[in-house]
Each structure stands twice: as C-alpha cells, then as structure tokens.
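Engineer: My questions will all concern the structure given below.
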Amino acid sequence: IVIFAKLDELCDEFKYGKTTQGDNDISALQELTIWVDAATSATTDGPVLLVLTHADQVPSAADRTLVSEQLDELLQQRGDQVLQRLVKPSTGGLLYFAVDNTQSVADPGVQALRTTLQHTAENCKSVKQLVPLPLRLLQDVVNSVSHPPQHGEQQRPQPQQQQQ
C-alpha cells in the first residue's frame with residue numbers, strides 16, 4: 001500500500017498550526033489520517049509506504065525531520081499497526097519518502113521510492129500469490145462500473161458468466 005500526502009501542507013500544519021483546506025474542507029493531516037485508516041482497515045498485513053510530495057516546497061532538513069517526528073508521534077498515540085508495516089527510506093532517517101514533483105524521475109526521492117517499491121514487491125509474499133480468474137473478472141466489472149467509458153472511448157467487453 002502506498003499512501004500519498006503533501007509535505008508542504010503537513011509541514012505548515014505541524015510547524016504553524018496552519019491548515020490548508022482542500023476540496024473536501026479537511027486539513028492535510030485529517031486527509032492523511034483518513035487514508036491511513038482506509039489502508040489499515042482494508043488489509044492487516046503487507047508493507048505500507050508513505051510518500052510525501054511537494055518536497056521542493058520544504059527544502060529544510062529540520063522541517064522534514066519535524067514532519068517525520070510528528071507523524072511518528074501521531075501514529076504511536078493512535079496505536080496504529082501501520083508503524084510496524086511501514087517501509088522507510090534506507091537513508092535520511094525519515095518515516096516517509098520525500099518526493100520533489102518538479103524533478104520527476106531525476107529526483108533522488110523518486111529514485112529511492114522506485115528502488116524500494118521494486119525490492120519490497122520482490123520480497124512480498126502476497127505479490128507472488130496467484131489471483132483466481134473469477135476475482136480478476138469481478139475486478140473488471142467493478143472497474144467498468146466505477147469508471148464508465150467517456151464519450152468516444154470503446155467500452156470494455158463484459159466477462160461472460162460461467163455455465164454450470
């Protein structure tokens with residue numbers, strides 16, 4: 001599971017108490033908490049990676065450390081199991097991967113994330129499990145309902161019911 005949030009907004013919230021209201025009128029920390037809750041309620045095991053974007057807006061190592069420490073404290077207070085499942089970057093001592101959106105693949109944070117994702121997937125037993133065909137067909141049906149074709153797009157073929 002990969003959870004994304006905005007580093008600059010979390011930093012402002014932790015450092016200044018300033019909450020940025022997004023489309024849903026919730027703060028960055030509230031939104032992150034919602035995603036952590038969703039991730040931990042959906043699965044009880046497996047790796048979790050926390051990726052904080054807009055790192056170019058928070059160049060200070062002290063501010064990045066502050067965000068990491070505050071998130072660690074928050075997750076410990078909540079008793080989240082996500083801390084035990086969290087895959088941390090191998091360097092920097094942060095709880096999260098800091099990604100600079102302006103640099104794309106040239107960003108060291110993106111490179112570290114890519115390497116860690118690949119290594120984590122290679123060593124994750126759930127990634128190696130076979131997915132039964134009926135489950136894949138169900139996924140196709142759910143995707144076609146939740147993302148119907150737009151005007152001009154070709155509709156996906158619907159799975160056939162198995163005859164008994």
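Chain identifiers are assigned as A, B, and so on, following the order in which chains appear in the structure tokens; residues are numbered from 1 within each chain, and ligands are numbered from 1 in order of appearance.
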What's around range 100-104 of chain A at 6 Å? Count only C-alpha atoms, leave out sequence neighbours fewer than 6 positions away in its own chain, and write the answer as a list in words.
Structural biologist: His54, Ala55 and Asp56 of chain A
Engineer: So which residues of range 4-148 of chain A fall under helix (DSSP H, G or I) by DSSP, listed as number ranges by chain?
Structural biologist: A: 7-16, 28-42, 55-57, 61-78, 82-85, 104-106, 108-122, 133-146
Engineer: Extract, using only C-alpha atoms, all DNA, RNA and protein residues at most 12 Å from Gly92 in chain A, discarding same-chain residues fewer than 3 positions from it, and format them as a PDB file with N, CA, C and O atoms, in the first residue's frame.
Structural biologist:
```
ATOM      1  N   ALA A  61      16.017  20.467   6.012  1.00  0.00           N
ATOM      2  CA  ALA A  61      16.110  19.137   6.622  1.00  0.00           C
ATOM      3  C   ALA A  61      15.461  19.141   8.000  1.00  0.00           C
ATOM      4  O   ALA A  61      14.841  18.151   8.404  1.00  0.00           O
ATOM      5  N   ALA A  62      15.565  20.253   8.705  1.00  0.00           N
ATOM      6  CA  ALA A  62      14.951  20.345  10.035  1.00  0.00           C
ATOM      7  C   ALA A  62      13.432  20.256   9.937  1.00  0.00           C
ATOM      8  O   ALA A  62      12.785  19.595  10.761  1.00  0.00           O
ATOM      9  N   ARG A  64      11.710  18.796   7.517  1.00  0.00           N
ATOM     10  CA  ARG A  64      11.373  17.428   7.102  1.00  0.00           C
ATOM     11  C   ARG A  64      11.450  16.477   8.298  1.00  0.00           C
ATOM     12  O   ARG A  64      10.607  15.591   8.447  1.00  0.00           O
ATOM     13  N   THR A  65      12.446  16.689   9.145  1.00  0.00           N
ATOM     14  CA  THR A  65      12.578  15.870  10.353  1.00  0.00           C
ATOM     15  C   THR A  65      11.417  16.131  11.300  1.00  0.00           C
ATOM     16  O   THR A  65      10.872  15.196  11.897  1.00  0.00           O
ATOM     17  N   SER A  68       8.464  14.224  10.109  1.00  0.00           N
ATOM     18  CA  SER A  68       8.647  12.800  10.379  1.00  0.00           C
ATOM     19  C   SER A  68       8.399  12.485  11.852  1.00  0.00           C
ATOM     20  O   SER A  68       7.697  11.523  12.186  1.00  0.00           O
ATOM     21  N   LYS A  88      10.455   2.232   5.450  1.00  0.00           N
ATOM     22  CA  LYS A  88      11.082   3.556   5.492  1.00  0.00           C
ATOM     23  C   LYS A  88      12.212   3.631   4.475  1.00  0.00           C
ATOM     24  O   LYS A  88      12.804   2.609   4.123  1.00  0.00           O
ATOM     25  N   PRO A  89      12.525   4.845   4.037  1.00  0.00           N
ATOM     26  CA  PRO A  89      13.671   5.006   3.135  1.00  0.00           C
ATOM     27  C   PRO A  89      14.949   4.506   3.819  1.00  0.00           C
ATOM     28  O   PRO A  89      15.105   4.627   5.033  1.00  0.00           O
ATOM     29  N   LEU A  95      10.484   8.955   8.173  1.00  0.00           N
ATOM     30  CA  LEU A  95       9.414   7.966   8.192  1.00  0.00           C
ATOM     31  C   LEU A  95       8.788   7.808   6.801  1.00  0.00           C
ATOM     32  O   LEU A  95       8.025   6.897   6.570  1.00  0.00           O
ATOM     33  N   TYR A  96       9.114   8.705   5.905  1.00  0.00           N
ATOM     34  CA  TYR A  96       8.444   8.806   4.604  1.00  0.00           C
ATOM     35  C   TYR A  96       9.463   9.059   3.490  1.00  0.00           C
ATOM     36  O   TYR A  96      10.602   9.437   3.744  1.00  0.00           O
ATOM     37  N   PHE A  97       8.992   8.865   2.258  1.00  0.00           N
ATOM     38  CA  PHE A  97       9.778   9.208   1.078  1.00  0.00           C
ATOM     39  C   PHE A  97       9.394  10.632   0.672  1.00  0.00           C
ATOM     40  O   PHE A  97       8.222  10.897   0.407  1.00  0.00           O
ATOM     41  N   ALA A  98      10.361  11.529   0.645  1.00  0.00           N
ATOM     42  CA  ALA A  98      10.119  12.909   0.231  1.00  0.00           C
ATOM     43  C   ALA A  98      10.363  12.998  -1.272  1.00  0.00           C
ATOM     44  O   ALA A  98      11.455  12.698  -1.748  1.00  0.00           O
ATOM     45  N   PRO A 108      16.055  12.354  -6.438  1.00  0.00           N
ATOM     46  CA  PRO A 108      16.566  11.248  -5.618  1.00  0.00           C
ATOM     47  C   PRO A 108      15.466  10.560  -4.805  1.00  0.00           C
ATOM     48  O   PRO A 108      15.524   9.346  -4.583  1.00  0.00           O
ATOM     49  N   GLY A 109      14.454  11.308  -4.379  1.00  0.00           N
ATOM     50  CA  GLY A 109      13.338  10.716  -3.641  1.00  0.00           C
ATOM     51  C   GLY A 109      12.543   9.746  -4.501  1.00  0.00           C
ATOM     52  O   GLY A 109      12.139   8.676  -4.043  1.00  0.00           O
ATOM     53  N   ALA A 112      14.715   6.644  -4.985  1.00  0.00           N
ATOM     54  CA  ALA A 112      14.706   5.801  -3.779  1.00  0.00           C
ATOM     55  C   ALA A 112      13.378   5.068  -3.652  1.00  0.00           C
ATOM     56  O   ALA A 112      13.344   3.877  -3.303  1.00  0.00           O
TER      57      ALA A 112
END
```
Engineer: Let me make sure I understand: among A:Leu137, A:Ile1, A:Val105, A:Val67, which one has the smallest atom-to-atom distance to Arg85 in chain A if we use only C-alpha atoms?
Structural biologist: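 Among A:Leu137, A:Ile1, A:Val105, A:Val67, it is A:Ile1 that comes nearest to Arg85 in chain A.
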Engineer: Env of Leu83 in chain A: 12 Å cut, atoms = only C-alpha atoms, seq-sep filter 3 positions within chain, self excluded. Answer as an NGL selection string.
Structural biologist: :A and (36 or 40 or 45-50 or 71-80 or 86-88 or 95-96)
Engineer: Write out, as a CSV table (one decimal), in the first residue's frame, the residues just selected, with C-alpha atoms.
Structural biologist:
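The resulting result_10.csv:
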```csv
chain,number,residue,atom,x,y,z
A,36,VAL,CA,-4.1,5.5,6.9
A,40,THR,CA,-5.1,-0.4,7.7
A,45,ASP,CA,-0.6,-7.2,6.8
A,46,GLY,CA,1.8,-6.3,4.0
A,47,PRO,CA,4.1,-3.3,3.5
A,48,VAL,CA,3.0,0.3,3.7
A,49,LEU,CA,4.9,3.2,2.1
A,50,LEU,CA,4.3,6.8,2.9
A,71,LEU,CA,3.8,11.7,12.2
A,72,ASP,CA,5.7,9.1,14.2
A,73,GLU,CA,4.2,10.5,17.4
A,74,LEU,CA,0.7,10.7,16.0
A,75,LEU,CA,0.8,7.2,14.7
A,76,GLN,CA,2.2,5.9,18.0
A,77,GLN,CA,-0.5,7.8,20.0
A,78,ARG,CA,-3.2,6.2,17.8
A,79,GLY,CA,-1.7,2.8,18.3
A,80,ASP,CA,-1.6,2.3,14.5
A,86,LEU,CA,5.9,1.0,7.4
A,87,VAL,CA,8.8,0.6,4.9
A,88,LYS,CA,11.1,3.6,5.5
A,95,LEU,CA,9.4,8.0,8.2
A,96,TYR,CA,8.4,8.8,4.6
```
Engineer: Please return as a PyMOL selection string: the residues of range 2-164 of chain A that backbone DSSP assigns to strand (DSSP E or B).
Structural biologist: chain A and resi 2-6+48-53+86+97-98
Engineer: Could you state the separation of CA of Leu113 in chain A and CA of Gln129 in chain A in Å, given to one decimal place?
Structural biologist: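 Spanning CA of Leu113 in chain A to CA of Gln129 in chain A is a straight-line distance of 23.0 Å.
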Engineer: Tell me which protein, DNA and RNA residues are within 10 Å of Glu9 in chain A, counting only C-alpha atoms, leaving out same-chain ones fewer than 2 positions away, and put them as a list in words.
Structural biologist: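 In the requested format, the answer is Ala5, Lys6, Leu7, Cys11, Asp12, Glu13, Phe14, Lys15, Lys18, Thr19, Thr20, Gln21, Ser27, Ala28, Leu29, Leu52, Thr53, His54, Gln57 and Val58 of chain A.
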Engineer: Which of these, A:Lys125, A:Val2, A:Leu10, A:Thr116, has the shortest distance to Gln30 in chain A once you count only C-alpha atoms?
Structural biologist: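 So, comparing all the options, the nearest one is A:Leu10.
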Engineer: Can you measure CA of Thr91 in chain A to CA of Pro59 in chain A for me? One decimal in Å is fine.
Structural biologist: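 CA of Pro59 in chain A lies at a distance of 16.3 Å from CA of Thr91 in chain A.
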Engineer: For the atom pair CA of Leu94 in chain A and CA of Asp63 in chain A, what is the interatomic distance in Å to one decimal place?
Structural biologist: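 Computing it gives 11.1 Å between the two atoms.
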Engineer: Of the candidates A:Ser60, A:Gln70, A:Ser90, A:Thr43, which one gets nearest to Gln111 in chain A if we count only C-alpha atoms?
Structural biologist: A:Ser90
